[in-house]
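Here's the structure we're looking at; comments come further down.
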Amino acid sequence: MNLSRRSLLAAGGAVGAVAAVAPTASAASGGRPRVRTGFERLAADGYALLAGERVGVVTNPTGVTADARHVVDVMHADERVNLVAVFGPEHGFRGTAQAGGSEGRYDDPATGLPVYDTYLKSGQPLADVFTASGVDTVVFDIQDVGARFYTYIWTLYDCMVAAALAGKRLVVLDRPNPVTGRAALGPVLDRAFATFVGREPIAQAHGMTVAELALLFNAEFLATPVALETVRMTGWRRAEFFDATGLPWVPPSPNMPTPDTALVYSGTCLFEGTNLSEGRGTTRPFELLGAEGIDRRWAEAANALGLPGVRFREAYFAPTFSKFQGKTVGGVQLHVHDRESFDPVRTGIGLLVTARRSWSGFAWRADNWIDKLTGSTRVRTLIDAGADTGEVVGAWEAELAAFRAVRTEHLLYR
């Protein structure tokens with residue numbers, strides 16, 4: 001019997017697809033059937049949604065099945081899918097690039113598929129990439145972490161705009177919001193501060209899945225809506241954290257190693273806009289914060305705020321890269337002891353306020369990056385004026401309420 005490499009891959013792909021869609025139970029979810037992602041439901045339906053289409057997939061290492069096989073490998077091995085291209089975001093399709101980098105244009109060694117770079121491309125240039133690739137349908141399958149400034153949701157947005165320009169259909173395969181979808185938190189972006197860490201006015205912690213965001217983007221923000229299809233999950237509940245899903249966690253980027261990182265990220269990423277380390281170059285990025293000259297007084301001041309669900313430990317660490325590389329710095333480590341009551345955005349603001357008050361060396365980044373992260377000048381100017389945590393948080397209540405009302409119209413899960 002003569003077997004081609006694709007036939008062998010197809011046999012493995014069939015096994016992988018069956019494993020991916022089998023409704024097994026998860027101990028973490030109390031014996032309930034585990035969450036089935038959008039991809040698993042697409043595969044279970046025999047890829048009927050993609051029938052007769054030349055398909056390109058926007059994905060990264062998080063695009064995996066429940067048995068940890070990459071969806072590109074599974075689809076490429078399946079004769080029912082005409083997969084012709086892959087599109088890589090920031091950090092790249094296979095995830096080899098650090099923050100602010102990508103993998104460029106290459107042919108994937110595992111599949112032979114052409115991989116196109118989408119990072120920092122938008123509008124007509126990205127539409128031209130889709131056209132050149134020869135695809136009819138663009139599929140998006142990337143794990144988000146729930147924060148406005150995490151760039152994958154804006155890759156989704158840019159792909160929607162570009163697909164509309166190029167006359168392509170866009171299919172979003174849904175995955176869980178790892179920090180729950182219970183509520184939106186934090187300031188809403190002012191469009192005057194739009195960048196790749198925030199294109200449109202959504203909340204800092206949006207409390208949505210990528211499919212829900214796609215529906216919101218299409219209805220509220222795209223001048224020309226794209227031909228959009230979303231494939232929902234089954235088994236996911238809005239109040240669930242990632243460890244209840246039964247799904248494997250794959251770091252969405254090099255400095256997002258665990259779901260614990262994602263839990264704090266929408267608040268502590270604000271320290272990227274300061275001269276303090278946000279913990280890059282440590283094993284606990286965004287949970288460790290610090291700088292040379294900081295001592296126990298910051299942890300004491302932060303604990304005195306009585307922020308719900310979190311305590312702060314005086315900590316010392318030496319980043320292996322990024323800010324303060326190779327130097328020992330002082331600061332705090334966040335310890336979330338009650339994630340149900342923990343508010344990451346309020347916590348991030350409280351840490352900024354207390355850092356500025358307890359350390360004379362505190363400074364904002366010279367380019368005012370903090371304004372891009374928070375979506376306006378307000379957080380920076382209020383903290384500089386001496387406002388306390390409650391005053392800063394209270395300043396965005398009206399705009400957040402308005403966003404929450406719009407958000408409700410596009411939610412898919414209870």
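In the structure tokens, chains take letters A, B, ... by order of appearance, with residues numbered from 1 within each chain and ligands from 1 in the order shown.
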Contacts of region 58-111 of chain A with region 140-143 of chain A up to 10 Å, shortest pair per row, only C-alpha atoms, as a tab-separated table:
```
residue	atom	partner	partner_atom	distance
A:Val58	CA	A:Phe140	CA	4.8
A:Thr59	CA	A:Asp141	CA	5.3
A:Asn60	CA	A:Ile142	CA	6.3
A:Pro61	CA	A:Ile142	CA	8.1
A:Thr62	CA	A:Gln143	CA	5.6
A:Gly63	CA	A:Ile142	CA	5.5
A:Val64	CA	A:Asp141	CA	8.9
A:Val71	CA	A:Asp141	CA	8.6
A:Val72	CA	A:Asp141	CA	9.9
A:Phe87	CA	A:Phe140	CA	9.2
A:Pro89	CA	A:Ile142	CA	9.5
```
Once you have the residues from the selection above, write them out as a short mmCIF file (atom, residue, chain, number, x, y, z; two decimals), in the first residue's frame, restricted to N, CA and C atoms.
```
data_model
loop_
_atom_site.label_atom_id
_atom_site.label_comp_id
_atom_site.auth_asym_id
_atom_site.auth_seq_id
_atom_site.Cartn_x
_atom_site.Cartn_y
_atom_site.Cartn_z
N VAL A 58 -6.14 33.14 10.46
CA VAL A 58 -5.38 34.07 11.30
C VAL A 58 -5.28 33.41 12.67
N THR A 59 -4.06 33.05 13.06
CA THR A 59 -3.92 32.31 14.32
C THR A 59 -2.50 32.44 14.85
N ASN A 60 -2.29 31.82 16.01
CA ASN A 60 -0.98 31.80 16.66
C ASN A 60 -0.90 30.51 17.48
N PRO A 61 0.06 30.34 18.37
CA PRO A 61 0.15 29.05 19.08
C PRO A 61 -1.07 28.69 19.91
N THR A 62 -1.95 29.64 20.23
CA THR A 62 -3.14 29.34 21.04
C THR A 62 -4.24 28.66 20.25
N GLY A 63 -4.11 28.60 18.93
CA GLY A 63 -5.14 27.96 18.12
C GLY A 63 -5.00 26.46 18.18
N VAL A 64 -5.38 25.86 19.32
CA VAL A 64 -5.19 24.43 19.52
C VAL A 64 -6.52 23.75 19.83
N VAL A 71 -4.70 23.86 15.23
CA VAL A 71 -5.82 23.76 14.29
C VAL A 71 -5.34 23.81 12.83
N VAL A 72 -4.26 24.51 12.56
CA VAL A 72 -3.74 24.56 11.19
C VAL A 72 -3.26 23.17 10.77
N PHE A 87 -2.12 33.42 8.40
CA PHE A 87 -1.78 34.82 8.66
C PHE A 87 -1.34 34.94 10.12
N PRO A 89 -0.10 37.08 13.54
CA PRO A 89 -0.19 38.38 14.21
C PRO A 89 1.11 38.74 14.92
#
```
Determine which residues of region 250-356 of chain A receive a DSSP assignment of alpha helix (DSSP H), computed from the backbone, and state them as a ChimeraX atom specification. /A:259-268,296-304,344-356
Take the residues just selected and output them with C-alpha atoms as a PDB file, in the first residue's frame.
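Wrote part-v3.pdb, looks like this:
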```pdb
ATOM      1  CA  PRO A 259      -4.128  32.376  33.440  1.00  0.00           C
ATOM      2  CA  ASP A 260      -2.957  34.066  36.659  1.00  0.00           C
ATOM      3  CA  THR A 261      -1.047  36.536  34.493  1.00  0.00           C
ATOM      4  CA  ALA A 262      -4.187  37.269  32.503  1.00  0.00           C
ATOM      5  CA  LEU A 263      -6.136  37.840  35.727  1.00  0.00           C
ATOM      6  CA  VAL A 264      -4.013  40.852  36.724  1.00  0.00           C
ATOM      7  CA  TYR A 265      -2.928  42.050  33.282  1.00  0.00           C
ATOM      8  CA  SER A 266      -5.748  44.519  32.537  1.00  0.00           C
ATOM      9  CA  GLY A 267      -4.614  46.515  35.582  1.00  0.00           C
ATOM     10  CA  THR A 268      -0.887  46.043  35.978  1.00  0.00           C
ATOM     11  CA  ARG A 296       8.763  48.025  51.766  1.00  0.00           C
ATOM     12  CA  ARG A 297       6.827  51.313  51.928  1.00  0.00           C
ATOM     13  CA  TRP A 298       5.089  50.667  48.608  1.00  0.00           C
ATOM     14  CA  ALA A 299       3.698  47.284  49.695  1.00  0.00           C
ATOM     15  CA  GLU A 300       2.591  48.823  52.986  1.00  0.00           C
ATOM     16  CA  ALA A 301       0.803  51.673  51.217  1.00  0.00           C
ATOM     17  CA  ALA A 302      -0.852  49.325  48.724  1.00  0.00           C
ATOM     18  CA  ASN A 303      -2.092  46.984  51.468  1.00  0.00           C
ATOM     19  CA  ALA A 304      -3.472  49.984  53.367  1.00  0.00           C
ATOM     20  CA  PRO A 344      -7.800  44.301  38.263  1.00  0.00           C
ATOM     21  CA  VAL A 345      -8.344  47.821  36.935  1.00  0.00           C
ATOM     22  CA  ARG A 346      -9.038  49.377  40.339  1.00  0.00           C
ATOM     23  CA  THR A 347      -5.995  47.496  41.635  1.00  0.00           C
ATOM     24  CA  GLY A 348      -3.809  48.857  38.839  1.00  0.00           C
ATOM     25  CA  ILE A 349      -4.916  52.407  39.614  1.00  0.00           C
ATOM     26  CA  GLY A 350      -4.329  51.908  43.340  1.00  0.00           C
ATOM     27  CA  LEU A 351      -0.809  50.685  42.641  1.00  0.00           C
ATOM     28  CA  LEU A 352      -0.064  53.693  40.429  1.00  0.00           C
ATOM     29  CA  VAL A 353      -1.359  56.097  43.082  1.00  0.00           C
ATOM     30  CA  THR A 354       0.651  54.493  45.886  1.00  0.00           C
ATOM     31  CA  ALA A 355       3.798  54.077  43.778  1.00  0.00           C
ATOM     32  CA  ARG A 356       3.791  57.780  42.986  1.00  0.00           C
TER      33      ARG A 356
END
```
Just the strand (DSSP E or B) stuff from region 112-328 of chain A, please, per backbone DSSP, written as number ranges by chain. A: 114-117, 137-141, 147, 169-173, 185-188, 195, 198, 203-205, 227-231, 234, 274, 277, 285, 288-291, 310-317
Find the distance between CA of Gly52 (chain A) and CA of Asn218 (chain A) and write it in Å to one decimal.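 Those two atoms sit 24.8 Å apart.
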Hey, what's within 8 Å of Asp117 (chain A) if we count only C-alpha atoms and toss same-chain stuff fewer than 6 positions away? As a PyMOL selection string, please? chain A and resi 87-89+92+102-105
Counting only C-alpha atoms, what are the residues of region 117-207 of chain A within 12 Å of region 324-343 of chain A, and for each of them which pair of atoms is the nearest and at what distance in Å, to one decimal? Sort the table by chain and rising number, as a tab-separated table.
```
residue	atom	partner	partner_atom	distance
A:Val179	CA	A:Arg339	CA	9.1
A:Thr180	CA	A:Glu340	CA	9.7
A:Gly181	CA	A:Glu340	CA	12.0
A:Arg182	CA	A:Glu340	CA	10.0
A:Ala183	CA	A:Asp343	CA	10.3
A:Ala184	CA	A:Asp343	CA	10.5
A:Leu185	CA	A:Asp343	CA	8.1
A:Gly186	CA	A:Asp343	CA	9.5
A:Gln204	CA	A:Asp343	CA	11.9
A:Ala205	CA	A:Asp343	CA	9.9
```
Could you please determine the separation between CA of Pro285 (chain A) and CA of Thr118 (chain A) in Å, to one decimal place?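 CA of Thr118 (chain A) lies 25.7 Å from CA of Pro285 (chain A).
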By how many Å are CA of His70 (chain A) and CA of Pro178 (chain A) apart?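 The value is 19.1 Å.
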I need the residue nearest Ala97 (chain A) from this list: A:Ala395, A:Ser253, A:Pro187, A:Ala315. Use only C-alpha atoms for the distance. A:Ser253
Among the residues A:Leu120, A:Ala239, A:Leu216, A:Val135, the one that comes closest to Tyr152 (chain A) [using only C-alpha atoms]: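 Nearest candidate to Tyr152 (chain A) out of A:Leu120, A:Ala239, A:Leu216, A:Val135: A:Leu120.
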Which residues are near Gly146 (chain A)? Cut-off 7 Å, only C-alpha atoms, ignore same chain within fewer than 2 positions. Put them as a ChimeraX atom specification. /A:144,148,177,179,205-208
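Shell of Gly123 (chain A) at 9 Å, with only C-alpha atoms counted and residues fewer than 6 places along the chain excluded, is Asp158, Cys159, Val161, Ala162, Ala163 and Leu165 of chain A.
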